[in-house]
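The next block is start_26.txt, given as compact mmCIF, C-alpha atoms.
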```
# COMPACT_ATOMS: atom_id res chain seq x y z
CA MET D 171 -5.38 9.91 -24.28
CA ALA D 172 -5.92 9.52 -20.54
CA PRO D 173 -8.34 11.98 -18.88
CA LEU D 174 -6.76 15.14 -17.48
CA ILE D 175 -7.54 15.99 -13.84
CA LEU D 176 -6.88 19.43 -12.36
CA VAL D 177 -6.15 19.24 -8.61
CA VAL D 178 -6.76 22.51 -6.74
CA ASP D 179 -5.56 22.56 -3.13
CA ASP D 180 -3.39 25.07 -1.26
CA GLU D 181 -1.72 22.37 0.88
CA PRO D 182 1.29 21.19 -1.17
CA SER D 183 1.45 17.81 0.54
CA VAL D 184 -2.23 17.11 -0.13
CA ASN D 185 -1.99 18.37 -3.70
CA ASP D 186 1.05 16.17 -4.38
CA LEU D 187 -0.60 13.14 -2.76
CA ILE D 188 -3.74 13.45 -4.87
CA CYS D 189 -1.78 14.05 -8.08
CA ASP D 190 0.39 11.00 -7.41
CA ALA D 191 -2.66 8.85 -6.72
CA MET D 192 -4.41 10.02 -9.89
CA ARG D 193 -1.35 9.29 -12.01
CA LEU D 194 -1.07 5.81 -10.49
CA ALA D 195 -4.73 5.30 -11.38
CA GLY D 196 -3.90 6.10 -15.01
CA TYR D 197 -4.88 9.77 -15.28
CA ARG D 198 -2.91 12.83 -16.37
CA THR D 199 -2.77 15.63 -13.80
CA ALA D 200 -2.27 19.35 -13.46
CA ALA D 201 -2.04 21.27 -10.17
CA ALA D 202 -3.10 24.69 -8.92
CA ALA D 203 -2.49 26.12 -5.44
CA ASP D 204 -5.69 28.18 -5.22
CA GLY D 205 -8.83 29.19 -7.06
CA PHE D 206 -7.21 32.16 -8.78
CA LEU D 207 -4.57 29.97 -10.41
CA ALA D 208 -7.17 27.33 -11.24
CA LEU D 209 -9.32 29.86 -13.11
CA GLN D 210 -6.26 31.05 -15.01
CA PHE D 211 -5.50 27.46 -16.02
CA LEU D 212 -9.10 26.88 -17.12
CA ARG D 213 -8.97 29.85 -19.51
CA SER D 214 -6.53 27.98 -21.73
CA THR D 215 -7.07 24.29 -20.92
CA THR D 216 -10.15 22.13 -20.47
CA PRO D 217 -9.54 19.23 -18.07
CA ASP D 218 -11.87 16.27 -17.88
CA LEU D 219 -12.44 16.79 -14.14
CA VAL D 220 -11.49 19.18 -11.34
CA ILE D 221 -10.79 18.14 -7.73
CA LEU D 222 -11.40 21.36 -5.82
CA ASP D 223 -10.65 22.19 -2.18
CA ILE D 224 -12.93 24.67 -0.39
CA ASN D 225 -10.66 26.43 2.10
CA MET D 226 -8.07 28.32 0.03
CA PRO D 227 -6.60 31.84 -0.02
CA ARG D 228 -7.54 34.55 -2.53
CA ILE D 229 -10.45 32.70 -4.15
CA ASP D 230 -11.98 29.80 -2.23
CA GLY D 231 -13.53 26.70 -3.74
CA PHE D 232 -17.13 27.90 -3.67
CA GLU D 233 -16.32 31.10 -5.53
CA THR D 234 -14.12 29.22 -7.99
CA LEU D 235 -16.95 26.82 -8.77
CA GLN D 236 -19.46 29.65 -9.09
CA ARG D 237 -17.21 31.53 -11.51
CA MET D 238 -16.70 28.38 -13.58
CA ARG D 239 -20.42 27.78 -13.94
CA GLN D 240 -21.17 31.45 -14.60
CA ALA D 241 -18.63 31.36 -17.43
CA GLY D 242 -20.40 28.35 -18.92
CA ASP D 243 -17.69 25.89 -17.85
CA ASN D 244 -19.42 22.58 -17.16
CA THR D 245 -16.27 20.61 -16.33
CA PRO D 246 -17.18 18.02 -13.65
CA VAL D 247 -16.05 19.07 -10.17
CA ILE D 248 -15.46 17.00 -7.04
CA VAL D 249 -15.34 19.30 -4.02
CA LEU D 250 -13.09 18.60 -1.02
CA THR D 251 -13.74 20.08 2.39
CA ALA D 252 -12.53 19.61 5.97
CA ARG D 253 -15.73 21.20 7.25
CA GLN D 254 -18.69 19.02 8.16
CA GLU D 255 -21.54 21.54 7.95
CA ARG D 256 -24.43 20.38 5.79
CA ASP D 257 -24.80 23.92 4.47
CA ASP D 258 -21.39 23.50 2.81
CA THR D 259 -22.61 20.40 1.02
CA ARG D 260 -25.84 22.09 -0.02
CA MET D 261 -23.99 25.17 -1.27
CA GLY D 262 -21.56 23.00 -3.21
CA PHE D 263 -24.28 21.08 -5.03
CA GLU D 264 -26.29 24.24 -5.66
CA ALA D 265 -23.19 25.86 -7.15
CA GLY D 266 -22.82 22.95 -9.55
CA ALA D 267 -20.60 20.37 -7.84
CA ASP D 268 -20.84 16.81 -9.13
CA ASP D 269 -19.69 15.16 -5.91
CA PHE D 270 -18.55 16.08 -2.40
CA VAL D 271 -15.76 14.42 -0.37
CA HIS D 272 -15.07 15.23 3.28
CA LYS D 273 -11.54 15.31 4.68
CA PRO D 274 -9.97 13.15 5.92
CA PHE D 275 -10.68 10.73 3.08
CA SER D 276 -9.03 7.61 1.75
CA ILE D 277 -7.20 7.91 -1.55
CA GLU D 278 -8.88 4.72 -2.73
CA GLU D 279 -12.30 6.29 -2.12
CA LEU D 280 -11.32 9.43 -4.01
CA VAL D 281 -10.15 7.38 -6.99
CA TRP D 282 -13.49 5.53 -6.97
CA ARG D 283 -15.36 8.84 -6.89
CA VAL D 284 -13.29 10.17 -9.80
CA ARG D 285 -14.02 7.07 -11.87
CA ALA D 286 -17.74 7.27 -11.07
CA VAL D 287 -18.02 10.94 -12.06
CA LEU D 288 -16.05 10.39 -15.28
CA ARG D 289 -18.32 7.47 -16.16
CA ARG D 290 -21.36 9.72 -15.74
CA THR D 291 -19.96 12.75 -17.54
CA GLY D 292 -17.38 11.48 -20.05
CA PRO D 293 -17.87 11.36 -23.84
CA ASP D 294 -19.14 7.79 -23.62
CA ALA D 295 -21.46 8.45 -20.69
CA GLU D 296 -24.53 7.64 -22.76
CA ASP D 297 -23.23 4.07 -23.16
CA VAL D 298 -22.70 3.42 -19.44
CA ILE D 299 -25.02 0.79 -17.98
CA TYR D 300 -24.51 -0.41 -14.41
CA ALA D 301 -25.08 -4.08 -13.70
CA VAL D 302 -25.13 -5.97 -10.42
CA GLY D 303 -26.48 -9.49 -10.64
CA SER D 304 -29.69 -9.40 -12.66
CA VAL D 305 -30.23 -5.67 -12.01
CA ARG D 306 -29.42 -3.24 -14.83
CA LEU D 307 -29.49 0.55 -14.45
CA ASP D 308 -29.24 2.82 -17.51
CA PRO D 309 -28.57 6.43 -16.42
CA ALA D 310 -29.08 7.95 -19.87
CA ARG D 311 -32.51 6.35 -20.36
CA HIS D 312 -33.36 6.49 -16.65
CA THR D 313 -34.45 2.86 -16.60
CA VAL D 314 -33.99 -0.05 -14.20
CA THR D 315 -34.66 -3.67 -15.05
CA VAL D 316 -34.52 -6.94 -13.12
CA ASP D 317 -34.16 -10.01 -15.37
CA ASP D 318 -35.01 -7.65 -18.28
CA ALA D 319 -38.35 -6.69 -16.68
CA PRO D 320 -38.77 -2.94 -15.99
CA VAL D 321 -38.91 -1.74 -12.39
CA GLU D 322 -40.58 1.59 -11.62
CA LEU D 323 -38.56 3.77 -9.25
CA SER D 324 -39.09 7.32 -8.08
CA SER D 325 -36.36 9.82 -8.97
CA THR D 326 -34.93 9.58 -5.43
CA GLU D 327 -35.00 5.78 -5.44
CA PHE D 328 -33.28 5.79 -8.83
CA ARG D 329 -30.53 8.14 -7.63
CA LEU D 330 -29.97 6.10 -4.46
CA LEU D 331 -29.68 2.88 -6.48
CA GLU D 332 -27.34 4.61 -8.93
CA VAL D 333 -25.03 5.66 -6.07
CA PHE D 334 -25.07 2.11 -4.70
CA MET D 335 -24.28 0.63 -8.11
CA GLU D 336 -21.50 3.14 -8.80
CA ASN D 337 -19.94 2.02 -5.52
CA ARG D 338 -20.85 -1.67 -5.56
CA GLY D 339 -19.14 -3.61 -2.80
CA LEU D 340 -18.23 -0.48 -0.82
CA VAL D 341 -19.82 0.31 2.54
CA LEU D 342 -21.54 3.68 2.25
CA GLY D 343 -22.31 5.63 5.42
CA LYS D 344 -25.58 7.47 5.96
CA GLU D 345 -23.91 10.88 5.82
CA ARG D 346 -22.32 10.07 2.48
CA LEU D 347 -25.64 8.86 1.08
CA LEU D 348 -27.39 11.96 2.38
CA ASP D 349 -24.79 14.12 0.62
CA ARG D 350 -24.93 12.23 -2.68
CA VAL D 351 -28.69 11.74 -2.95
CA TRP D 352 -30.30 14.54 -0.94
CA GLY D 353 -27.52 17.15 -0.92
CA GLY D 354 -27.37 16.84 2.86
CA ALA D 355 -30.80 18.45 3.16
CA ALA D 356 -32.63 15.57 4.85
CA GLU D 357 -32.78 13.73 8.13
CA PRO D 358 -30.66 10.57 8.50
CA ASN D 359 -33.70 8.30 8.91
CA VAL D 360 -34.76 9.06 5.33
CA VAL D 361 -31.91 6.80 4.17
CA GLU D 362 -33.36 3.82 6.04
CA THR D 363 -36.77 4.53 4.55
CA TYR D 364 -35.52 4.62 0.96
CA VAL D 365 -33.27 1.60 1.41
CA SER D 366 -36.37 -0.32 2.51
CA TYR D 367 -38.20 0.91 -0.62
CA LEU D 368 -35.37 -0.40 -2.84
CA ARG D 369 -35.26 -3.73 -1.05
CA ARG D 370 -38.97 -4.20 -1.58
CA LYS D 371 -38.92 -3.22 -5.26
CA LEU D 372 -35.76 -5.17 -6.18
CA GLY D 373 -36.67 -8.24 -4.17
CA ASP D 374 -34.00 -10.94 -4.14
CA ALA D 375 -32.20 -9.62 -7.24
CA VAL D 376 -29.50 -7.94 -5.13
CA THR D 377 -28.64 -7.62 -1.46
CA ILE D 378 -28.42 -4.25 0.29
CA ARG D 379 -26.60 -5.29 3.45
CA THR D 380 -26.84 -3.25 6.63
CA VAL D 381 -23.43 -2.82 8.26
CA ARG D 382 -24.44 -1.96 11.80
CA GLY D 383 -23.12 1.39 12.98
CA VAL D 384 -21.51 2.10 9.59
CA GLY D 385 -23.93 2.10 6.67
CA TYR D 386 -25.04 -0.01 3.72
CA GLN D 387 -23.37 -2.19 1.10
CA LEU D 388 -24.78 -3.31 -2.26
CA GLN D 389 -23.86 -6.90 -3.16
CA GLU D 390 -24.92 -9.52 -5.64
CA ALA D 391 -27.67 -11.74 -4.30
CA THR D 392 -26.40 -14.69 -2.29
```
Give the structure from the file, written as structure tokens.
Amino acid sequence: MAPLILVVDDEPSVNDLICDAMRLAGYRTAAAADGFLALQFLRSTTPDLVILDINMPRIDGFETLQRMRQAGDNTPVIVLTARQERDDTRMGFEAGADDFVHKPFSIEELVWRVRAVLRRTGPDAEDVIYAVGSVRLDPARHTVTVDDAPVELSSTEFRLLEVFMENRGLVLGKERLLDRVWGGAAEPNVVETYVSYLRRKLGDAVTIRTVRGVGYQLQEAT
């Protein structure tokens, strides 16, 4: 059976748009207009993933997420927000969010994020191995190999490479990488530093292309 995604957003047009996109991507959907209704839904049904807006009446997204985790609900959550403050990102990750998407966003990007989170957290997550060219990354065993030879990465380098490989071919901006790898709690130049570390350790096995003024893109070696 297709994964069930609960979409929680108080804007009907946004909620409908996301639900439609998820169904077109092959998922089942349920909708809630605010955190209160979402928590009610979660008492009787366990979705595979929750897409959760922050700014909502009655119970906002942060409180909804906190109540879920306090109740022992570890359902993966992708948080949506129109606010750009790094404190929001930090609070979201500290509360237990699995990913963070800033509005406005592209539906295609959101679908990619959903797929990535489900790959990491689904019942077959232990079997997921990312591969780009001769580089293999095994999240469950926390290993990276190039041509079957192990490559030693720090935990931050590993997470950065994992984000790149989850989103292979996509151009990832510095802010997005800061959110995903450092929870927004770092200076932008740290991204450049760690990209240079990965380039040095991976050599010619893959290409991390700099897209000037935009970000970085992981590609197979050319």
Spatial neighbours of D:Ile248, 8 Å, all atoms listed in the file, chain gap at least 2 places, as a PDB file with C-alpha atoms, in the coordinates of the input:
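As written to disk, result-v7.pdb reads:
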```
ATOM      1  CA  LEU D 219     -12.440  16.790 -14.140  1.00  0.00           C
ATOM      2  CA  VAL D 220     -11.490  19.180 -11.340  1.00  0.00           C
ATOM      3  CA  ILE D 221     -10.790  18.140  -7.730  1.00  0.00           C
ATOM      4  CA  LEU D 222     -11.400  21.360  -5.820  1.00  0.00           C
ATOM      5  CA  PRO D 246     -17.180  18.020 -13.650  1.00  0.00           C
ATOM      6  CA  LEU D 250     -13.090  18.600  -1.020  1.00  0.00           C
ATOM      7  CA  ALA D 267     -20.600  20.370  -7.840  1.00  0.00           C
ATOM      8  CA  ASP D 268     -20.840  16.810  -9.130  1.00  0.00           C
ATOM      9  CA  ASP D 269     -19.690  15.160  -5.910  1.00  0.00           C
ATOM     10  CA  PHE D 270     -18.550  16.080  -2.400  1.00  0.00           C
ATOM     11  CA  VAL D 271     -15.760  14.420  -0.370  1.00  0.00           C
ATOM     12  CA  VAL D 284     -13.290  10.170  -9.800  1.00  0.00           C
TER      13      VAL D 284
END
```
Would you mind listing what lies within 10 Å of D:Ala195 as an mmCIF file with C-alpha atoms, keeping the file's coordinate frame, with all atoms listed in the file counted and same-chain residues fewer than 2 positions away left out?
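And here's selection33.cif as it stands now:
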```cif
data_model
loop_
_atom_site.group_PDB
_atom_site.id
_atom_site.type_symbol
_atom_site.label_atom_id
_atom_site.label_comp_id
_atom_site.auth_asym_id
_atom_site.auth_seq_id
_atom_site.Cartn_x
_atom_site.Cartn_y
_atom_site.Cartn_z
ATOM 1 C CA CYS D 189 -1.780 14.050 -8.080
ATOM 2 C CA ASP D 190 0.390 11.000 -7.410
ATOM 3 C CA ALA D 191 -2.660 8.850 -6.720
ATOM 4 C CA MET D 192 -4.410 10.020 -9.890
ATOM 5 C CA ARG D 193 -1.350 9.290 -12.010
ATOM 6 C CA TYR D 197 -4.880 9.770 -15.280
ATOM 7 C CA ARG D 198 -2.910 12.830 -16.370
ATOM 8 C CA GLU D 278 -8.880 4.720 -2.730
ATOM 9 C CA VAL D 281 -10.150 7.380 -6.990
ATOM 10 C CA TRP D 282 -13.490 5.530 -6.970
ATOM 11 C CA VAL D 284 -13.290 10.170 -9.800
ATOM 12 C CA ARG D 285 -14.020 7.070 -11.870
#
```
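Minimum distance to D:Lys371 across D:Glu181, D:Asp218, D:Glu336, D:Glu327 (counting only C-alpha atoms) occurs at D:Glu327.
Considering all atoms listed in the file, the residue among D:Arg239, D:Leu187, D:Thr363, D:Ser214 positioned nearest to D:Phe263 is D:Arg239.
What separates atom CA of D:Phe275 from atom CA of D:Pro358 is a distance of 20.7 Å.
Picture a line from atom CA of D:Phe232 to atom CA of D:Thr326; it runs 25.6 Å.
Atom CA of D:Met226 to atom CA of D:Asp204 spans 5.8 Å [interatomic distance, one decimal].
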From the list D:Arg329, D:Lys344, D:Lys273, D:His312, the nearest residue to D:Val381 using only C-alpha atoms is D:Lys344
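Distance annotation: of D:Ala202, D:Val305, D:Val178, D:Leu388, the residue with the minimal separation from D:Val247 is D:Val178; atom set is all atoms listed in the file.
All residues that come within 12 Å of the coordinates (-19.8, 29.5, -10.5), counting all atoms listed in the file, are given as Gly205, Leu209, Ile229, Asp230, Gly231, Phe232, Glu233, Thr234, Leu235, Gln236, Arg237, Met238, Arg239, Gln240, Ala241, Gly242, Asp243, Asn244, Thr245, Val247, Met261, Gly262, Phe263, Glu264, Ala265, Gly266 and Ala267 of chain D.
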